$ cat input-v7.tsv   # TSV, C-alpha atoms
chain	number	residue	atom	x	y	z
Y	215	MET	CA	-7.61	-48.50	64.66
Y	216	LEU	CA	-10.88	-46.83	63.70
Y	217	ARG	CA	-11.57	-46.38	60.02
Y	218	VAL	CA	-14.04	-43.47	60.12
Y	219	VAL	CA	-15.34	-41.23	62.88
Y	220	ILE	CA	-18.69	-39.95	61.62
Y	221	ALA	CA	-19.33	-36.58	63.28
Y	222	LEU	CA	-22.52	-34.54	63.27
Y	223	VAL	CA	-22.50	-30.95	64.56
Y	224	ASN	CA	-25.69	-30.10	66.46
Y	225	PHE	CA	-27.11	-26.86	67.81
Y	226	ASN	CA	-30.70	-27.05	69.08
Y	227	GLY	CA	-31.54	-29.48	66.30
Y	228	TYR	CA	-32.49	-32.66	68.11
Y	229	GLU	CA	-35.09	-33.90	65.61
Y	230	SER	CA	-32.90	-33.29	62.56
Y	231	THR	CA	-29.93	-34.90	64.28
Y	232	CYS	CA	-32.02	-38.00	65.03
Y	233	GLU	CA	-33.06	-38.26	61.39
Y	234	ALA	CA	-29.42	-37.99	60.29
Y	235	ILE	CA	-28.30	-40.64	62.79
Y	236	ASP	CA	-31.08	-42.98	61.69
Y	237	SER	CA	-29.89	-42.70	58.08
Y	238	ILE	CA	-26.32	-43.63	59.10
Y	239	LEU	CA	-26.38	-46.19	61.93
Y	240	PRO	CA	-27.67	-49.20	59.94
Y	241	HIS	CA	-24.90	-48.77	57.34
Y	242	MET	CA	-21.82	-48.19	59.48
Y	243	GLY	CA	-18.85	-50.52	59.16
Y	244	PRO	CA	-17.49	-52.51	62.13
Y	245	ASP	CA	-14.48	-50.17	62.40
Y	246	ASP	CA	-16.53	-46.97	62.27
Y	247	SER	CA	-17.69	-44.79	65.15
Y	248	MET	CA	-20.25	-42.00	65.45
Y	249	VAL	CA	-20.06	-38.84	67.54
Y	250	VAL	CA	-22.36	-35.85	67.91
Y	251	VAL	CA	-20.68	-32.56	68.81
Y	252	ASP	CA	-23.22	-30.38	70.58
Y	253	ASN	CA	-22.64	-26.61	70.40
Y	254	ALA	CA	-24.09	-25.74	73.84
Y	255	SER	CA	-27.69	-26.53	72.85
Y	256	THR	CA	-30.50	-25.40	75.15
Y	257	ASP	CA	-33.11	-27.89	73.93
Y	258	GLY	CA	-31.87	-30.85	75.98
Y	259	SER	CA	-30.19	-32.42	72.95
Y	260	VAL	CA	-27.28	-33.92	74.90
Y	261	SER	CA	-29.32	-35.94	77.41
Y	262	ARG	CA	-32.00	-36.88	74.89
Y	263	LEU	CA	-29.48	-38.14	72.33
Y	264	ALA	CA	-27.57	-40.12	74.98
Y	265	GLN	CA	-30.79	-41.83	76.04
Y	266	ARG	CA	-32.00	-42.58	72.53
Y	267	TYR	CA	-28.63	-43.63	71.03
Y	268	PRO	CA	-26.45	-45.26	73.70
Y	269	THR	CA	-23.85	-46.31	71.10
Y	270	VAL	CA	-23.37	-42.77	69.82
Y	271	ARG	CA	-20.78	-40.67	71.66
Y	272	THR	CA	-21.82	-37.09	72.49
Y	273	ILE	CA	-19.30	-34.28	73.01
Y	274	ALA	CA	-20.98	-31.40	74.83
Y	275	LEU	CA	-19.21	-28.08	74.29
Y	276	GLU	CA	-19.57	-25.41	76.97
Y	277	ARG	CA	-20.05	-22.65	74.41
Y	278	ASN	CA	-21.29	-22.41	70.84
Y	279	GLY	CA	-18.14	-22.52	68.74
Y	280	GLY	CA	-20.02	-22.36	65.46
Y	281	TYR	CA	-19.63	-24.94	62.75
Y	282	SER	CA	-15.85	-24.55	62.68
Y	283	GLY	CA	-15.56	-25.03	66.45
Y	284	GLY	CA	-17.81	-28.08	66.36
Y	285	CYS	CA	-15.84	-29.61	63.50
Y	286	ASN	CA	-12.54	-29.00	65.28
Y	287	ALA	CA	-13.83	-30.79	68.39
Y	288	ALA	CA	-14.72	-33.75	66.16
Y	289	ILE	CA	-11.30	-33.63	64.51
Y	290	ASP	CA	-9.59	-33.64	67.91
Y	291	PHE	CA	-11.63	-36.68	68.91
Y	292	ALA	CA	-10.76	-38.51	65.66
Y	293	LEU	CA	-7.06	-37.75	66.09
Y	294	ARG	CA	-7.09	-39.04	69.67
Y	295	GLU	CA	-8.83	-42.21	68.51
Y	296	GLN	CA	-6.27	-42.57	65.69
Y	297	ALA	CA	-9.01	-42.82	63.05
Y	298	GLN	CA	-8.00	-42.81	59.40
Y	299	TYR	CA	-10.81	-40.45	58.44
Y	300	VAL	CA	-13.32	-38.12	60.04
Y	301	LEU	CA	-16.61	-37.41	58.28
Y	302	LEU	CA	-17.67	-33.86	59.16
Y	303	ALA	CA	-21.35	-33.23	58.51
Y	304	ASN	CA	-24.23	-30.91	59.26
Y	305	ASN	CA	-26.95	-32.46	61.37
Y	306	ASP	CA	-29.63	-31.56	58.82
Y	307	ILE	CA	-28.71	-34.10	56.14
Y	308	LEU	CA	-29.79	-37.61	55.20
Y	309	PHE	CA	-27.39	-40.20	53.76
Y	310	ALA	CA	-27.98	-42.75	51.01
Y	311	PRO	CA	-27.22	-46.25	52.36
Y	312	ASP	CA	-23.91	-46.54	50.48
Y	313	ALA	CA	-22.87	-42.86	50.63
Y	314	ILE	CA	-20.15	-43.16	53.26
Y	315	GLU	CA	-18.72	-46.38	51.85
Y	316	ARG	CA	-18.36	-44.77	48.43
Y	317	LEU	CA	-16.55	-41.75	49.91
Y	318	VAL	CA	-14.11	-43.99	51.77
Y	319	THR	CA	-13.42	-46.11	48.69
Y	320	THR	CA	-12.57	-43.00	46.68
Y	321	ALA	CA	-10.29	-41.63	49.42
Y	322	GLN	CA	-8.42	-44.92	49.79
Y	323	ALA	CA	-7.55	-45.01	46.09
Y	324	ASP	CA	-5.00	-42.17	46.45
Y	325	SER	CA	-3.07	-41.15	49.56
Y	326	GLY	CA	-2.83	-37.62	48.15
Y	327	VAL	CA	-6.58	-37.10	48.57
Y	328	GLY	CA	-7.28	-34.91	51.57
Y	329	VAL	CA	-11.06	-34.52	51.25
Y	330	VAL	CA	-13.87	-36.33	49.42
Y	331	VAL	CA	-17.39	-34.93	49.21
Y	332	PRO	CA	-20.70	-36.35	47.97
Y	333	ARG	CA	-23.28	-35.07	45.52
Y	334	ILE	CA	-25.85	-33.11	47.55
Y	335	TYR	CA	-29.55	-32.74	46.80
Y	336	TYR	CA	-32.31	-30.65	48.37
Y	337	SER	CA	-34.28	-32.75	50.84
Y	338	GLU	CA	-37.51	-31.03	49.73
Y	339	HIS	CA	-36.75	-31.84	46.06
Y	340	PRO	CA	-34.88	-35.17	46.04
Y	341	GLN	CA	-33.89	-34.95	42.35
Y	342	ARG	CA	-32.77	-31.31	42.44
Y	343	LEU	CA	-29.10	-30.55	43.05
Y	344	TRP	CA	-27.90	-28.29	45.83
Y	345	ALA	CA	-24.17	-28.85	45.21
Y	346	ALA	CA	-21.87	-31.12	43.22
Y	347	GLY	CA	-18.75	-29.55	44.64
Y	348	SER	CA	-17.94	-25.84	44.54
Y	349	THR	CA	-15.77	-23.31	42.74
Y	350	ILE	CA	-14.11	-20.08	43.84
Y	351	SER	CA	-13.01	-16.96	41.97
Y	352	SER	CA	-9.38	-15.98	42.55
Y	353	VAL	CA	-10.36	-12.42	41.58
Y	354	THR	CA	-13.39	-11.71	43.79
Y	355	GLY	CA	-13.25	-14.51	46.37
Y	356	LEU	CA	-16.87	-15.39	45.57
Y	357	THR	CA	-17.86	-19.03	45.71
Y	358	SER	CA	-20.50	-20.94	43.76
Y	359	GLN	CA	-21.87	-24.44	43.93
Y	360	ARG	CA	-21.61	-26.66	40.86
Y	361	GLY	CA	-24.95	-27.73	39.45
Y	362	MET	CA	-27.00	-25.76	41.97
Y	363	ASP	CA	-30.76	-25.92	41.25
Y	364	PHE	CA	-30.30	-28.24	38.25
Y	365	GLU	CA	-32.51	-31.29	38.03
Y	366	GLU	CA	-30.73	-34.64	38.06
Y	367	ALA	CA	-31.48	-35.27	34.39
Y	368	ASP	CA	-29.93	-31.93	33.38
Y	369	PHE	CA	-26.73	-32.37	35.42
Y	370	PRO	CA	-26.07	-36.14	35.52
Y	371	PRO	CA	-23.36	-37.62	37.79
Y	372	GLU	CA	-19.87	-38.09	36.37
Y	373	PRO	CA	-18.62	-41.71	36.30
Y	374	ALA	CA	-15.23	-40.86	37.84
Y	375	PRO	CA	-14.21	-38.62	40.77
Y	376	ILE	CA	-13.72	-34.92	39.92
Y	377	ASP	CA	-10.97	-32.67	41.28
Y	378	LEU	CA	-12.34	-29.55	42.97
Y	379	ASP	CA	-10.90	-26.20	44.00
Y	380	MET	CA	-13.11	-26.28	47.06
Y	381	CYS	CA	-16.26	-27.80	48.51
Y	382	THR	CA	-19.10	-26.91	50.81
Y	383	GLY	CA	-18.62	-27.87	54.45
Y	384	CYS	CA	-22.02	-29.56	54.56
Y	385	CYS	CA	-20.40	-33.02	54.35
Y	386	MET	CA	-16.67	-33.75	54.03
Y	387	LEU	CA	-14.75	-37.00	54.44
Y	388	VAL	CA	-11.37	-35.80	55.71
Y	389	ARG	CA	-8.11	-37.76	55.92
Y	390	THR	CA	-6.78	-37.22	59.45
Y	391	SER	CA	-3.13	-37.38	58.36
Y	392	MET	CA	-3.86	-34.37	56.14
Y	393	VAL	CA	-5.12	-32.42	59.15
Y	394	ARG	CA	-1.81	-33.00	60.92
Y	395	VAL	CA	-0.11	-31.20	58.02
Y	396	VAL	CA	-2.62	-28.43	57.23
Y	397	GLY	CA	-4.13	-27.83	60.67
Y	398	PRO	CA	-7.82	-27.56	61.65
Y	399	LEU	CA	-10.42	-25.01	60.60
Y	400	ARG	CA	-9.92	-21.43	61.74
Y	401	GLU	CA	-12.53	-20.89	64.44
Y	402	GLU	CA	-12.61	-17.10	64.05
Y	403	PHE	CA	-14.83	-17.66	61.00
Y	404	PHE	CA	-17.54	-19.30	63.17
Y	405	LEU	CA	-19.96	-19.68	60.22
Y	406	TYR	CA	-19.40	-19.42	56.45
Y	407	TYR	CA	-16.12	-19.23	54.56
Y	408	ASP	CA	-14.54	-21.50	57.19
Y	409	GLU	CA	-14.51	-24.42	54.76
Y	410	THR	CA	-13.43	-22.08	51.92
Y	411	ASP	CA	-10.39	-21.00	53.91
Y	412	TRP	CA	-9.64	-24.63	54.83
Y	413	CYS	CA	-9.95	-25.87	51.25
Y	414	TRP	CA	-7.64	-23.07	50.10
Y	415	ARG	CA	-5.00	-24.19	52.60
Y	416	ILE	CA	-5.54	-27.88	51.78
Y	417	ARG	CA	-4.95	-27.29	48.08
Y	418	ARG	CA	-1.97	-25.04	48.79
Y	419	ALA	CA	-0.43	-27.88	50.84
Y	420	GLY	CA	-0.67	-30.17	47.80
Y	421	PHE	CA	-3.66	-32.34	48.75
Y	422	ARG	CA	-6.56	-33.13	46.43
Y	423	ILE	CA	-10.24	-32.39	47.05
Y	424	LEU	CA	-12.52	-34.77	45.16
Y	425	LEU	CA	-16.20	-35.04	44.36
Y	426	ASP	CA	-17.54	-38.59	44.30
Y	427	ASP	CA	-20.64	-38.16	42.17
Y	428	SER	CA	-21.87	-41.65	43.05
Y	429	SER	CA	-22.19	-40.78	46.76
Y	430	HIS	CA	-25.48	-39.02	47.50
Y	431	ILE	CA	-26.95	-37.10	50.45
Y	432	TRP	CA	-29.97	-34.82	50.94
Y	433	HIS	CA	-29.71	-31.47	52.73
Y	434	LYS	CA	-32.32	-29.40	54.57
Y	435	VAL	CA	-30.82	-26.14	53.36
Y	436	SER	CA	-30.12	-23.41	55.94
Y	437	GLY	CA	-31.99	-25.16	58.69
Y	438	SER	CA	-29.76	-23.72	61.43
Y	439	VAL	CA	-29.62	-19.96	60.72
Y	440	GLY	CA	-32.32	-19.37	58.11
Y	441	ALA	CA	-32.02	-18.95	54.37
Y	442	SER	CA	-31.78	-15.13	54.55
Y	443	SER	CA	-31.40	-14.25	58.22
Y	444	PRO	CA	-29.34	-11.33	59.58
Y	445	THR	CA	-26.91	-13.93	60.96
Y	446	PHE	CA	-26.39	-15.32	57.45
Y	447	TRP	CA	-25.70	-11.91	55.90
Y	448	TYR	CA	-23.45	-10.74	58.74
Y	449	TYR	CA	-21.10	-13.73	58.67
Y	450	LEU	CA	-21.16	-14.02	54.88
Y	451	THR	CA	-19.95	-10.44	54.55
Y	452	ARG	CA	-17.50	-10.35	57.45
Y	453	ASN	CA	-15.91	-13.69	56.61
Y	454	HIS	CA	-15.56	-12.87	52.91
Y	455	ILE	CA	-13.28	-10.02	54.01
Y	456	LEU	CA	-11.35	-12.24	56.43
Y	457	PHE	CA	-10.86	-14.98	53.85
Y	458	VAL	CA	-9.53	-12.61	51.20
Y	459	HIS	CA	-7.25	-10.86	53.67
Y	460	LEU	CA	-5.77	-14.12	54.98
Y	461	ASN	CA	-5.27	-15.90	51.67
Y	462	PHE	CA	-5.05	-13.63	48.63
Y	463	PRO	CA	-1.78	-12.05	47.45
Y	464	TRP	CA	-1.78	-8.25	47.48
Y	465	PRO	CA	-3.02	-7.38	43.94
Y	466	ASN	CA	-5.86	-9.92	44.11
Y	467	ARG	CA	-6.66	-8.91	47.68
Y	468	PHE	CA	-7.04	-5.24	46.70
Y	469	LEU	CA	-9.29	-6.03	43.72
Y	470	ALA	CA	-11.44	-8.48	45.69
Y	471	LEU	CA	-11.98	-6.09	48.61
Y	472	LEU	CA	-12.63	-3.19	46.23
Y	473	HIS	CA	-15.31	-5.24	44.45
Y	474	LEU	CA	-16.85	-6.33	47.74
Y	475	THR	CA	-16.92	-2.80	49.18
Y	476	MET	CA	-17.91	-0.77	46.13
Y	477	VAL	CA	-20.07	-3.19	44.15
Y	478	LEU	CA	-21.24	-6.34	45.92
Y	479	SER	CA	-22.17	-5.03	49.37
Y	480	PRO	CA	-24.01	-1.90	48.11
Y	481	HIS	CA	-25.93	-4.09	45.65
Y	482	ARG	CA	-26.90	-6.48	48.45
Y	483	VAL	CA	-27.96	-3.65	50.77
Y	484	LEU	CA	-30.12	-1.99	48.12
Y	485	LEU	CA	-31.70	-5.30	47.11
Y	486	LEU	CA	-32.50	-6.23	50.71
Y	487	LEU	CA	-34.02	-2.80	51.32
Y	488	PHE	CA	-36.11	-3.20	48.15
Y	489	LEU	CA	-37.27	-6.56	49.53
Y	490	ARG	CA	-38.19	-4.84	52.79
Y	491	SER	CA	-35.52	-6.63	54.82
Y	492	PRO	CA	-33.86	-3.78	56.73
Y	493	ARG	CA	-32.40	-6.01	59.43
Y	494	GLN	CA	-30.63	-8.10	56.80
Y	495	ALA	CA	-29.36	-4.96	55.04
Y	496	LEU	CA	-28.00	-3.66	58.35
Y	497	ALA	CA	-26.32	-7.02	58.94
Y	498	VAL	CA	-24.41	-6.64	55.63
Y	499	ILE	CA	-23.17	-3.22	56.76
Y	500	ARG	CA	-22.22	-4.48	60.23
Y	501	GLY	CA	-20.44	-7.47	58.72
Y	502	GLY	CA	-18.38	-5.20	56.51
Y	503	ILE	CA	-17.46	-2.88	59.37
Y	504	ASP	CA	-16.48	-5.75	61.68
Y	505	GLY	CA	-14.54	-7.48	58.92
Y	506	TYR	CA	-12.38	-4.44	58.24
Y	507	ARG	CA	-12.06	-3.76	61.95
Y	508	THR	CA	-10.65	-7.27	62.44
Y	509	VAL	CA	-8.25	-6.82	59.51
Y	510	LEU	CA	-7.07	-3.47	60.88
Y	511	ALA	CA	-6.56	-4.88	64.39
Y	512	GLU	CA	-4.49	-7.71	62.95
Y	513	ALA	CA	-2.39	-5.24	60.94
Y	514	VAL	CA	-1.72	-3.20	64.08
Y	515	ARG	CA	-0.68	-6.31	66.01
Y	516	SER	CA	1.59	-7.43	63.18
Y	517	SER	CA	3.32	-4.06	63.06
Y	518	GLY	CA	4.00	-4.17	66.79
Y	519	SER	CA	2.16	-0.92	67.38
Y	520	PRO	CA	0.57	-0.34	70.80
$ encode --input "input-v7.tsv" --output "structure tokens"
Amino acid sequence: MLRVVIALVNFNGYESTCEAIDSILPHMGPDDSMVVVDNASTDGSVSRLAQRYPTVRTIALERNGGYSGGCNAAIDFALREQAQYVLLANNDILFAPDAIERLVTTAQADSGVGVVVPRIYYSEHPQRLWAAGSTISSVTGLTSQRGMDFEEADFPPEPAPIDLDMCTGCCMLVRTSMVRVVGPLREEFFLYYDETDWCWRIRRAGFRILLDDSSHIWHKVSGSVGASSPTFWYYLTRNHILFVHLNFPWPNRFLALLHLTMVLSPHRVLLLLFLRSPRQALAVIRGGIDGYRTVLAEAVRSSGSP
């Protein structure tokens, strides 16, 4: 039986994927396996990776399923291989030599742990935190990353694992037996809020999500879609609506969507216009329209209306 399937999700990111693989391969255990899930790249990633890393399995998807679709393909592979864990990771990260081993050790200490995540730093600023786990508001549905932009000395690691409400999907060690209970990620999210929705369901099913502050990785932030691209703003807005609709009870859902529609989105649009980013501002509006359109379509289906 495999211990860990280490899975990187790649989309036209051959060079970054190679750097990630090079940071992992020398430190894998004898019962570990690595797979790259390619989201229909057009840069020749599949053939180039197969030639450069013959021991790394490549799963070539016929269409770009987004991060959630890529992760689900990796989860399916890990379940078929009967692995104990699957490590789901962006391709634009670098691992400390002992990062994966520390995550596994923490997960094995308690069978009720569904997910363990590492402490994540900016690759451009190796001592500056990007995330030490995440939090979510049950009122607005907004998420935030613990310790973001703090220097290491100002936000030192905790000596023991920390329970989290949620985590970023950048790097997650996932117990496969938990997936059989909770199910995979919802692929309709495509990008952003997919891990938020998953974490919400994981916690609701009674599993723990832990931060192992002694496990460290470095992240090239927003390398795939851009730090403030129209794609980012569209999916962030649309999926915020979907997440709240799918998971919040009615009073919280109403307040969260009211805040998003009347306060947060107008603020974002005005700020982006002030910053001379009209395409991004339009993406926020389109994301809101499509989010509510999806919610309305689901309500019509649920009511049995034609």
$ residues_around --input "input-v7.tsv" --residues "Y:Asp427" --least-positions-apart "3" --cutoff "9 Å" --atoms "all atoms listed in the file" --output "list in words"
Val331, Pro332, Arg333, Ala346, Pro370, Pro371, Glu372, Pro373, Ala374, Pro375, Ile376 and His430 of chain Y
$ atom_distance --input "input-v7.tsv" --atom1 "atom CA of Y:Cys381" --atom2 "atom CA of Y:Phe404"
17.0 Å
$ closest_atom_pairs --input "input-v7.tsv" --of "stretch 408-520 of chain Y" --to "stretch 354-358 of chain Y" --cutoff "10 Å" --atoms "only C-alpha atoms" --output "CSV"
residue,atom,partner,partner_atom,distance
Y:Thr410,CA,Y:Thr357,CA,8.2
Y:His454,CA,Y:Gly355,CA,7.1
Y:Ile455,CA,Y:Gly355,CA,8.9
Y:Phe457,CA,Y:Gly355,CA,7.9
Y:Val458,CA,Y:Gly355,CA,6.4
Y:Asn461,CA,Y:Gly355,CA,9.7
Y:Phe462,CA,Y:Gly355,CA,8.6
Y:Asn466,CA,Y:Thr354,CA,7.7
Y:Arg467,CA,Y:Thr354,CA,8.3
Y:Phe468,CA,Y:Thr354,CA,9.5
Y:Leu469,CA,Y:Thr354,CA,7.0
Y:Ala470,CA,Y:Thr354,CA,4.2
Y:Leu471,CA,Y:Thr354,CA,7.5
Y:Leu472,CA,Y:Thr354,CA,8.9
Y:His473,CA,Y:Thr354,CA,6.8
Y:Leu474,CA,Y:Thr354,CA,7.5
Y:Leu478,CA,Y:Thr354,CA,9.7
$ closest_atom_pairs --input "input-v7.tsv" --of "stretch 293-368 of chain Y" --to "stretch 268-289 of chain Y" --cutoff "12 Å" --atoms "all atoms listed in the file" --output "Markdown table"
| residue | atom | partner | partner_atom | distance |
| --- | --- | --- | --- | --- |
| Y:Leu293 | CA | Y:Ile289 | CA | 6.1 |
| Y:Arg294 | CA | Y:Ile289 | CA | 8.6 |
| Y:Glu295 | CA | Y:Ile289 | CA | 9.8 |
| Y:Gln296 | CA | Y:Ile289 | CA | 10.3 |
| Y:Ala297 | CA | Y:Ile289 | CA | 9.6 |
| Y:Gln298 | CA | Y:Ile289 | CA | 11.0 |
| Y:Tyr299 | CA | Y:Ile289 | CA | 9.1 |
| Y:Val300 | CA | Y:Ile289 | CA | 6.6 |
| Y:Leu301 | CA | Y:Ala288 | CA | 8.9 |
| Y:Leu302 | CA | Y:Cys285 | CA | 6.3 |
| Y:Ala303 | CA | Y:Cys285 | CA | 8.3 |
| Y:Asn304 | CA | Y:Tyr281 | CA | 8.3 |
| Y:Asn305 | CA | Y:Tyr281 | CA | 10.6 |
$ closest_residue --input "input-v7.tsv" --among "Y:Asp363, Y:Glu233, Y:Asp290, Y:Asp252" --to "Y:Pro398" --atoms "all atoms listed in the file"
Y:Asp290
$ closest_residue --input "input-v7.tsv" --among "Y:Leu489, Y:Val509, Y:Val477, Y:Ile416" --to "Y:Leu460" --atoms "only C-alpha atoms"
Y:Val509
$ residues_around --input "input-v7.tsv" --residues "Y:Trp412" --least-positions-apart "2" --cutoff "9 Å" --atoms "all atoms listed in the file" --output "CSV table (one decimal) with C-alpha atoms, keeping the file's coordinate frame"
chain,number,residue,atom,x,y,z
Y,380,MET,CA,-13.1,-26.3,47.1
Y,396,VAL,CA,-2.6,-28.4,57.2
Y,397,GLY,CA,-4.1,-27.8,60.7
Y,398,PRO,CA,-7.8,-27.6,61.6
Y,399,LEU,CA,-10.4,-25.0,60.6
Y,400,ARG,CA,-9.9,-21.4,61.7
Y,407,TYR,CA,-16.1,-19.2,54.6
Y,408,ASP,CA,-14.5,-21.5,57.2
Y,409,GLU,CA,-14.5,-24.4,54.8
Y,410,THR,CA,-13.4,-22.1,51.9
Y,414,TRP,CA,-7.6,-23.1,50.1
Y,415,ARG,CA,-5.0,-24.2,52.6
Y,416,ILE,CA,-5.5,-27.9,51.8
Y,417,ARG,CA,-5.0,-27.3,48.1
$ atom_distance --input "input-v7.tsv" --atom1 "atom CA of Y:Asn453" --atom2 "atom CA of Y:Ser351"
15.3 Å
$ residues_around --input "input-v7.tsv" --residues "Y:Ile503" --least-positions-apart "3" --cutoff "12 Å" --atoms "all atoms listed in the file" --output "MDAnalysis selection string"
chainID Y and resid 448:449 451:453 455:456 475 479 496:500 506:510
$ closest_residue --input "input-v7.tsv" --among "Y:Pro240, Y:Gly502, Y:Pro463, Y:Gly420" --to "Y:Met476" --atoms "only C-alpha atoms"
Y:Gly502
$ closest_residue --input "input-v7.tsv" --among "Y:Pro444, Y:Gly243, Y:Pro492, Y:Gly258" --to "Y:Val318" --atoms "only C-alpha atoms"
Y:Gly243
$ closest_residue --input "input-v7.tsv" --among "Y:Ala323, Y:Thr445, Y:Trp344, Y:Phe403" --to "Y:Arg422" --atoms "all atoms listed in the file"
Y:Ala323
$ closest_residue --input "input-v7.tsv" --among "Y:Gly505, Y:Gly227, Y:Pro340, Y:Gly383" --to "Y:Asp411" --atoms "all atoms listed in the file"
Y:Gly383
$ build_atoms --input "input-v7.tsv" --residues "stretch 395-401 of chain Y" --atoms "all heavy atoms" --output "PDB file, keeping the file's coordinate frame"
ATOM      1  N   VAL Y 395      -0.967 -32.051  58.857  1.00  0.00           N
ATOM      2  CA  VAL Y 395      -0.110 -31.200  58.020  1.00  0.00           C
ATOM      3  C   VAL Y 395      -0.692 -29.796  57.889  1.00  0.00           C
ATOM      4  O   VAL Y 395       0.012 -28.787  58.072  1.00  0.00           O
ATOM      5  CB  VAL Y 395       0.094 -31.823  56.626  1.00  0.00           C
ATOM      6  CG1 VAL Y 395       0.900 -30.892  55.725  1.00  0.00           C
ATOM      7  CG2 VAL Y 395       0.767 -33.180  56.733  1.00  0.00           C
ATOM      8  N   VAL Y 396      -1.979 -29.700  57.568  1.00  0.00           N
ATOM      9  CA  VAL Y 396      -2.620 -28.430  57.230  1.00  0.00           C
ATOM     10  C   VAL Y 396      -3.096 -27.684  58.476  1.00  0.00           C
ATOM     11  O   VAL Y 396      -3.098 -26.451  58.523  1.00  0.00           O
ATOM     12  CB  VAL Y 396      -3.791 -28.666  56.259  1.00  0.00           C
ATOM     13  CG1 VAL Y 396      -4.540 -27.372  55.963  1.00  0.00           C
ATOM     14  CG2 VAL Y 396      -3.289 -29.291  54.966  1.00  0.00           C
ATOM     15  N   GLY Y 397      -3.510 -28.436  59.500  1.00  0.00           N
ATOM     16  CA  GLY Y 397      -4.130 -27.830  60.670  1.00  0.00           C
ATOM     17  C   GLY Y 397      -5.643 -27.860  60.564  1.00  0.00           C
ATOM     18  O   GLY Y 397      -6.206 -28.169  59.508  1.00  0.00           O
ATOM     19  N   PRO Y 398      -6.354 -27.523  61.644  1.00  0.00           N
ATOM     20  CA  PRO Y 398      -7.820 -27.560  61.650  1.00  0.00           C
ATOM     21  C   PRO Y 398      -8.423 -26.316  61.007  1.00  0.00           C
ATOM     22  O   PRO Y 398      -7.708 -25.460  60.455  1.00  0.00           O
ATOM     23  CB  PRO Y 398      -8.131 -27.616  63.145  1.00  0.00           C
ATOM     24  CG  PRO Y 398      -7.016 -26.824  63.772  1.00  0.00           C
ATOM     25  CD  PRO Y 398      -5.788 -27.122  62.947  1.00  0.00           C
ATOM     26  N   LEU Y 399      -9.734 -26.202  61.089  1.00  0.00           N
ATOM     27  CA  LEU Y 399     -10.420 -25.010  60.600  1.00  0.00           C
ATOM     28  C   LEU Y 399     -10.103 -23.826  61.508  1.00  0.00           C
ATOM     29  O   LEU Y 399      -9.856 -23.990  62.705  1.00  0.00           O
ATOM     30  CB  LEU Y 399     -11.934 -25.224  60.564  1.00  0.00           C
ATOM     31  CG  LEU Y 399     -12.480 -26.154  59.490  1.00  0.00           C
ATOM     32  CD1 LEU Y 399     -12.579 -27.584  60.000  1.00  0.00           C
ATOM     33  CD2 LEU Y 399     -13.857 -25.685  59.020  1.00  0.00           C
ATOM     34  N   ARG Y 400     -10.120 -22.636  60.942  1.00  0.00           N
ATOM     35  CA  ARG Y 400      -9.920 -21.430  61.740  1.00  0.00           C
ATOM     36  C   ARG Y 400     -11.257 -21.063  62.398  1.00  0.00           C
ATOM     37  O   ARG Y 400     -12.236 -20.739  61.721  1.00  0.00           O
ATOM     38  CB  ARG Y 400      -9.455 -20.277  60.851  1.00  0.00           C
ATOM     39  CG  ARG Y 400      -8.004 -20.398  60.389  1.00  0.00           C
ATOM     40  CD  ARG Y 400      -7.601 -19.115  59.673  1.00  0.00           C
ATOM     41  NE  ARG Y 400      -6.179 -19.070  59.385  1.00  0.00           N
ATOM     42  CZ  ARG Y 400      -5.643 -19.018  58.163  1.00  0.00           C
ATOM     43  NH1 ARG Y 400      -6.447 -19.036  57.113  1.00  0.00           N
ATOM     44  NH2 ARG Y 400      -4.349 -18.960  57.990  1.00  0.00           N
ATOM     45  N   GLU Y 401     -11.267 -21.068  63.729  1.00  0.00           N
ATOM     46  CA  GLU Y 401     -12.530 -20.890  64.440  1.00  0.00           C
ATOM     47  C   GLU Y 401     -13.015 -19.452  64.458  1.00  0.00           C
ATOM     48  O   GLU Y 401     -14.172 -19.191  64.792  1.00  0.00           O
ATOM     49  CB  GLU Y 401     -12.392 -21.448  65.858  1.00  0.00           C
ATOM     50  CG  GLU Y 401     -12.184 -22.947  65.878  1.00  0.00           C
ATOM     51  CD  GLU Y 401     -12.266 -23.560  67.260  1.00  0.00           C
ATOM     52  OE1 GLU Y 401     -12.845 -22.931  68.167  1.00  0.00           O
ATOM     53  OE2 GLU Y 401     -11.751 -24.687  67.431  1.00  0.00           O
TER      54      GLU Y 401
END
